[in-house]
>>> print(open('data03.cif').read())   # mmCIF, C-alpha atoms
data_run
loop_
_atom_site.group_PDB
_atom_site.id
_atom_site.type_symbol
_atom_site.label_atom_id
_atom_site.label_comp_id
_atom_site.auth_asym_id
_atom_site.auth_seq_id
_atom_site.Cartn_x
_atom_site.Cartn_y
_atom_site.Cartn_z
ATOM 1 C CA MET A 1294 -42.295 -70.490 -10.172
ATOM 2 C CA PRO A 1295 -43.601 -67.897 -7.706
ATOM 3 C CA ASP A 1296 -43.489 -64.201 -8.504
ATOM 4 C CA PHE A 1297 -40.916 -62.692 -6.171
ATOM 5 C CA ARG A 1298 -41.147 -59.129 -7.502
ATOM 6 C CA PRO A 1299 -43.398 -57.869 -4.665
ATOM 7 C CA LEU A 1300 -41.090 -59.496 -2.108
ATOM 8 C CA ARG A 1301 -38.038 -57.885 -3.692
ATOM 9 C CA ALA A 1302 -39.691 -54.442 -3.600
ATOM 10 C CA TRP A 1303 -40.716 -54.910 0.046
ATOM 11 C CA ALA A 1304 -37.277 -56.191 1.081
ATOM 12 C CA GLY A 1305 -35.565 -53.278 -0.644
ATOM 13 C CA ALA A 1306 -37.873 -50.757 1.008
ATOM 14 C CA THR A 1307 -37.246 -52.361 4.395
ATOM 15 C CA LEU A 1308 -33.476 -52.250 3.876
ATOM 16 C CA LEU A 1309 -33.737 -48.599 2.839
ATOM 17 C CA ALA A 1310 -35.754 -47.683 5.933
ATOM 18 C CA GLU A 1311 -33.238 -49.349 8.233
ATOM 19 C CA THR A 1312 -30.205 -47.951 6.396
ATOM 20 C CA GLU A 1313 -31.410 -44.342 6.237
ATOM 21 C CA ILE A 1314 -31.477 -44.196 10.033
ATOM 22 C CA ALA A 1315 -27.764 -44.990 10.307
ATOM 23 C CA ILE A 1316 -26.372 -43.340 7.189
ATOM 24 C CA ASP A 1317 -24.853 -40.314 8.933
ATOM 25 C CA ARG A 1318 -23.196 -42.278 11.724
ATOM 26 C CA PRO A 1319 -19.447 -42.904 11.774
ATOM 27 C CA HIS A 1320 -18.202 -46.244 10.440
ATOM 28 C CA VAL A 1321 -21.329 -46.878 8.364
ATOM 29 C CA TRP A 1322 -20.666 -48.590 5.034
ATOM 30 C CA GLY A 1323 -23.151 -46.547 3.012
ATOM 31 C CA THR A 1324 -23.083 -43.060 1.608
ATOM 32 C CA GLN A 1325 -25.892 -40.785 0.491
ATOM 33 C CA ALA A 1326 -25.084 -41.807 -3.105
ATOM 34 C CA ASP A 1327 -25.630 -45.466 -2.127
ATOM 35 C CA ILE A 1328 -29.012 -44.549 -0.672
ATOM 36 C CA GLU A 1329 -30.035 -42.769 -3.873
ATOM 37 C CA ARG A 1330 -29.018 -45.765 -6.018
ATOM 38 C CA LEU A 1331 -30.987 -48.092 -3.751
ATOM 39 C CA ARG A 1332 -34.002 -45.779 -3.863
ATOM 40 C CA ARG A 1333 -33.963 -45.810 -7.695
ATOM 41 C CA LYS A 1334 -33.636 -49.605 -7.763
ATOM 42 C CA ILE A 1335 -36.565 -49.978 -5.352
ATOM 43 C CA ASP A 1336 -38.662 -47.766 -7.640
ATOM 44 C CA VAL A 1337 -37.869 -50.090 -10.552
ATOM 45 C CA TRP A 1338 -38.720 -53.171 -8.485
ATOM 46 C CA ALA A 1339 -41.991 -51.617 -7.286
ATOM 47 C CA ARG A 1340 -43.004 -50.775 -10.874
ATOM 48 C CA GLU A 1341 -42.137 -54.313 -11.990
ATOM 49 C CA ALA A 1342 -44.319 -55.650 -9.173
ATOM 50 C CA ARG A 1343 -47.085 -53.213 -10.221
ATOM 51 C CA ILE A 1344 -47.066 -51.675 -6.750
ATOM 52 C CA ARG A 1345 -46.417 -48.176 -8.107
#
>>> encode(input="data03.cif", output="structure tokens")
Amino acid sequence: MPDFRPLRAWAGATLLAETEIAIDRPHVWGTQADIERLRRKIDVWAREARIR
């Protein structure tokens, strides 16, 4: 089975980069708290992938 941990960390970081741009716009699903939770999860994924 392939190791998907690096992919998961990359995908999360990409989602974060795209979401942060729109977070302050009206009718956006996310809040700043959502961004912080995602950022913490990406840190965990990056450590698991031994990227950080």
>>> residues_around(input="data03.cif", residues="Leu1300 in chain A", least_positions_apart="4", cutoff="12 Å", atoms="all atoms listed in the file", output="list of chain:residue names")
A:Pro1295, A:Asp1296, A:Ala1304, A:Gly1305, A:Ala1306, A:Thr1307, A:Ile1335, A:Trp1338, A:Ala1339, A:Glu1341, A:Ala1342, A:Arg1343, A:Ile1344
>>> axis_aligned_box(input="data03.cif", around="range 1323-1331 of chain A", padding_each_side="8 Å", output="AutoDock Vina command-line options")
--center_x -27.0 --center_y -44.4 --center_z -1.5 --size_x 23.9 --size_y 23.3 --size_z 25.0
>>> closest_residue(input="data03.cif", among="A:Phe1297, A:Leu1309, A:Ala1315, A:Trp1303", to="Arg1332 in chain A", atoms="all atoms listed in the file")
A:Leu1309
>>> residues_around(input="data03.cif", residues="Gln1325 in chain A", least_positions_apart="3", cutoff="12 Å", atoms="only C-alpha atoms", output="ChimeraX atom specification")
/A:1309,1312-1318,1321-1322,1328-1332
>>> atom_distance(input="data03.cif", atom1="CA of Thr1324 in chain A", atom2="CA of Val1337 in chain A")
20.4 Å
>>> residues_around(input="data03.cif", residues="Asp1336 in chain A", least_positions_apart="4", cutoff="8 Å", atoms="only C-alpha atoms", output="PyMOL selection string")
chain A and resi 1302+1332+1340+1345
>>> write_last_selection(input="data03.cif", atoms="C-alpha atoms", output="PDB file, in the frame of the given file")
ATOM      1  CA  ALA A1302     -39.691 -54.442  -3.600  1.00  0.00           C
ATOM      2  CA  ARG A1332     -34.002 -45.779  -3.863  1.00  0.00           C
ATOM      3  CA  ARG A1340     -43.004 -50.775 -10.874  1.00  0.00           C
ATOM      4  CA  ARG A1345     -46.417 -48.176  -8.107  1.00  0.00           C
TER       5      ARG A1345
END
>>> build_atoms(input="data03.cif", residues="range 1309-1341 of chain A", atoms="N, CA and C atoms", output="short mmCIF file (atom, residue, chain, number, x, y, z; two decimals), keeping the file's coordinate frame")
data_model
loop_
_atom_site.label_atom_id
_atom_site.label_comp_id
_atom_site.auth_asym_id
_atom_site.auth_seq_id
_atom_site.Cartn_x
_atom_site.Cartn_y
_atom_site.Cartn_z
N LEU A 1309 -33.89 -50.05 2.94
CA LEU A 1309 -33.74 -48.60 2.84
C LEU A 1309 -34.14 -47.91 4.13
N ALA A 1310 -35.28 -48.30 4.69
CA ALA A 1310 -35.75 -47.68 5.93
C ALA A 1310 -34.76 -47.89 7.07
N GLU A 1311 -34.19 -49.07 7.16
CA GLU A 1311 -33.24 -49.35 8.23
C GLU A 1311 -31.89 -48.68 7.99
N THR A 1312 -31.50 -48.54 6.74
CA THR A 1312 -30.20 -47.95 6.40
C THR A 1312 -30.23 -46.43 6.54
N GLU A 1313 -31.33 -45.80 6.16
CA GLU A 1313 -31.41 -44.34 6.24
C GLU A 1313 -31.21 -43.83 7.66
N ILE A 1314 -31.62 -44.60 8.64
CA ILE A 1314 -31.48 -44.20 10.03
C ILE A 1314 -30.00 -44.06 10.42
N ALA A 1315 -29.16 -44.94 9.89
CA ALA A 1315 -27.76 -44.99 10.31
C ALA A 1315 -26.80 -44.32 9.34
N ILE A 1316 -27.27 -43.78 8.25
CA ILE A 1316 -26.37 -43.34 7.19
C ILE A 1316 -25.39 -42.25 7.62
N ASP A 1317 -25.74 -41.40 8.53
CA ASP A 1317 -24.85 -40.31 8.93
C ASP A 1317 -23.95 -40.66 10.11
N ARG A 1318 -24.03 -41.87 10.59
CA ARG A 1318 -23.20 -42.28 11.72
C ARG A 1318 -21.79 -42.64 11.26
N PRO A 1319 -20.81 -42.49 12.14
CA PRO A 1319 -19.45 -42.90 11.77
C PRO A 1319 -19.36 -44.42 11.57
N HIS A 1320 -18.49 -44.83 10.71
CA HIS A 1320 -18.20 -46.24 10.44
C HIS A 1320 -19.37 -46.98 9.79
N VAL A 1321 -20.23 -46.26 9.10
CA VAL A 1321 -21.33 -46.88 8.36
C VAL A 1321 -20.87 -47.07 6.93
N TRP A 1322 -21.17 -48.23 6.36
CA TRP A 1322 -20.67 -48.59 5.03
C TRP A 1322 -21.25 -47.73 3.94
N GLY A 1323 -22.46 -47.22 4.10
CA GLY A 1323 -23.15 -46.55 3.01
C GLY A 1323 -22.92 -45.05 2.97
N THR A 1324 -23.13 -44.51 1.80
CA THR A 1324 -23.08 -43.06 1.61
C THR A 1324 -24.44 -42.61 1.10
N GLN A 1325 -24.63 -41.31 1.02
CA GLN A 1325 -25.89 -40.78 0.49
C GLN A 1325 -26.08 -41.23 -0.96
N ALA A 1326 -24.99 -41.33 -1.72
CA ALA A 1326 -25.08 -41.81 -3.10
C ALA A 1326 -25.58 -43.25 -3.16
N ASP A 1327 -25.14 -44.08 -2.20
CA ASP A 1327 -25.63 -45.47 -2.13
C ASP A 1327 -27.13 -45.50 -1.87
N ILE A 1328 -27.58 -44.62 -0.99
CA ILE A 1328 -29.01 -44.55 -0.67
C ILE A 1328 -29.82 -44.17 -1.91
N GLU A 1329 -29.32 -43.20 -2.66
CA GLU A 1329 -30.04 -42.77 -3.87
C GLU A 1329 -30.10 -43.89 -4.91
N ARG A 1330 -29.01 -44.63 -5.09
CA ARG A 1330 -29.02 -45.76 -6.02
C ARG A 1330 -30.01 -46.82 -5.57
N LEU A 1331 -30.04 -47.11 -4.28
CA LEU A 1331 -30.99 -48.09 -3.75
C LEU A 1331 -32.42 -47.61 -3.94
N ARG A 1332 -32.66 -46.35 -3.70
CA ARG A 1332 -34.00 -45.78 -3.86
C ARG A 1332 -34.48 -45.93 -5.32
N ARG A 1333 -33.59 -45.66 -6.28
CA ARG A 1333 -33.96 -45.81 -7.70
C ARG A 1333 -34.25 -47.27 -8.03
N LYS A 1334 -33.42 -48.18 -7.50
CA LYS A 1334 -33.64 -49.60 -7.76
C LYS A 1334 -34.97 -50.08 -7.16
N ILE A 1335 -35.29 -49.61 -5.97
CA ILE A 1335 -36.56 -49.98 -5.35
C ILE A 1335 -37.73 -49.48 -6.19
N ASP A 1336 -37.61 -48.28 -6.76
CA ASP A 1336 -38.66 -47.77 -7.64
C ASP A 1336 -38.87 -48.68 -8.84
N VAL A 1337 -37.78 -49.16 -9.42
CA VAL A 1337 -37.87 -50.09 -10.55
C VAL A 1337 -38.56 -51.38 -10.11
N TRP A 1338 -38.12 -51.93 -8.98
CA TRP A 1338 -38.72 -53.17 -8.48
C TRP A 1338 -40.20 -53.00 -8.19
N ALA A 1339 -40.58 -51.86 -7.61
CA ALA A 1339 -41.99 -51.62 -7.29
C ALA A 1339 -42.82 -51.50 -8.57
N ARG A 1340 -42.28 -50.86 -9.59
CA ARG A 1340 -43.00 -50.78 -10.87
C ARG A 1340 -43.14 -52.15 -11.50
N GLU A 1341 -42.07 -52.96 -11.45
CA GLU A 1341 -42.14 -54.31 -11.99
C GLU A 1341 -43.18 -55.15 -11.26
#
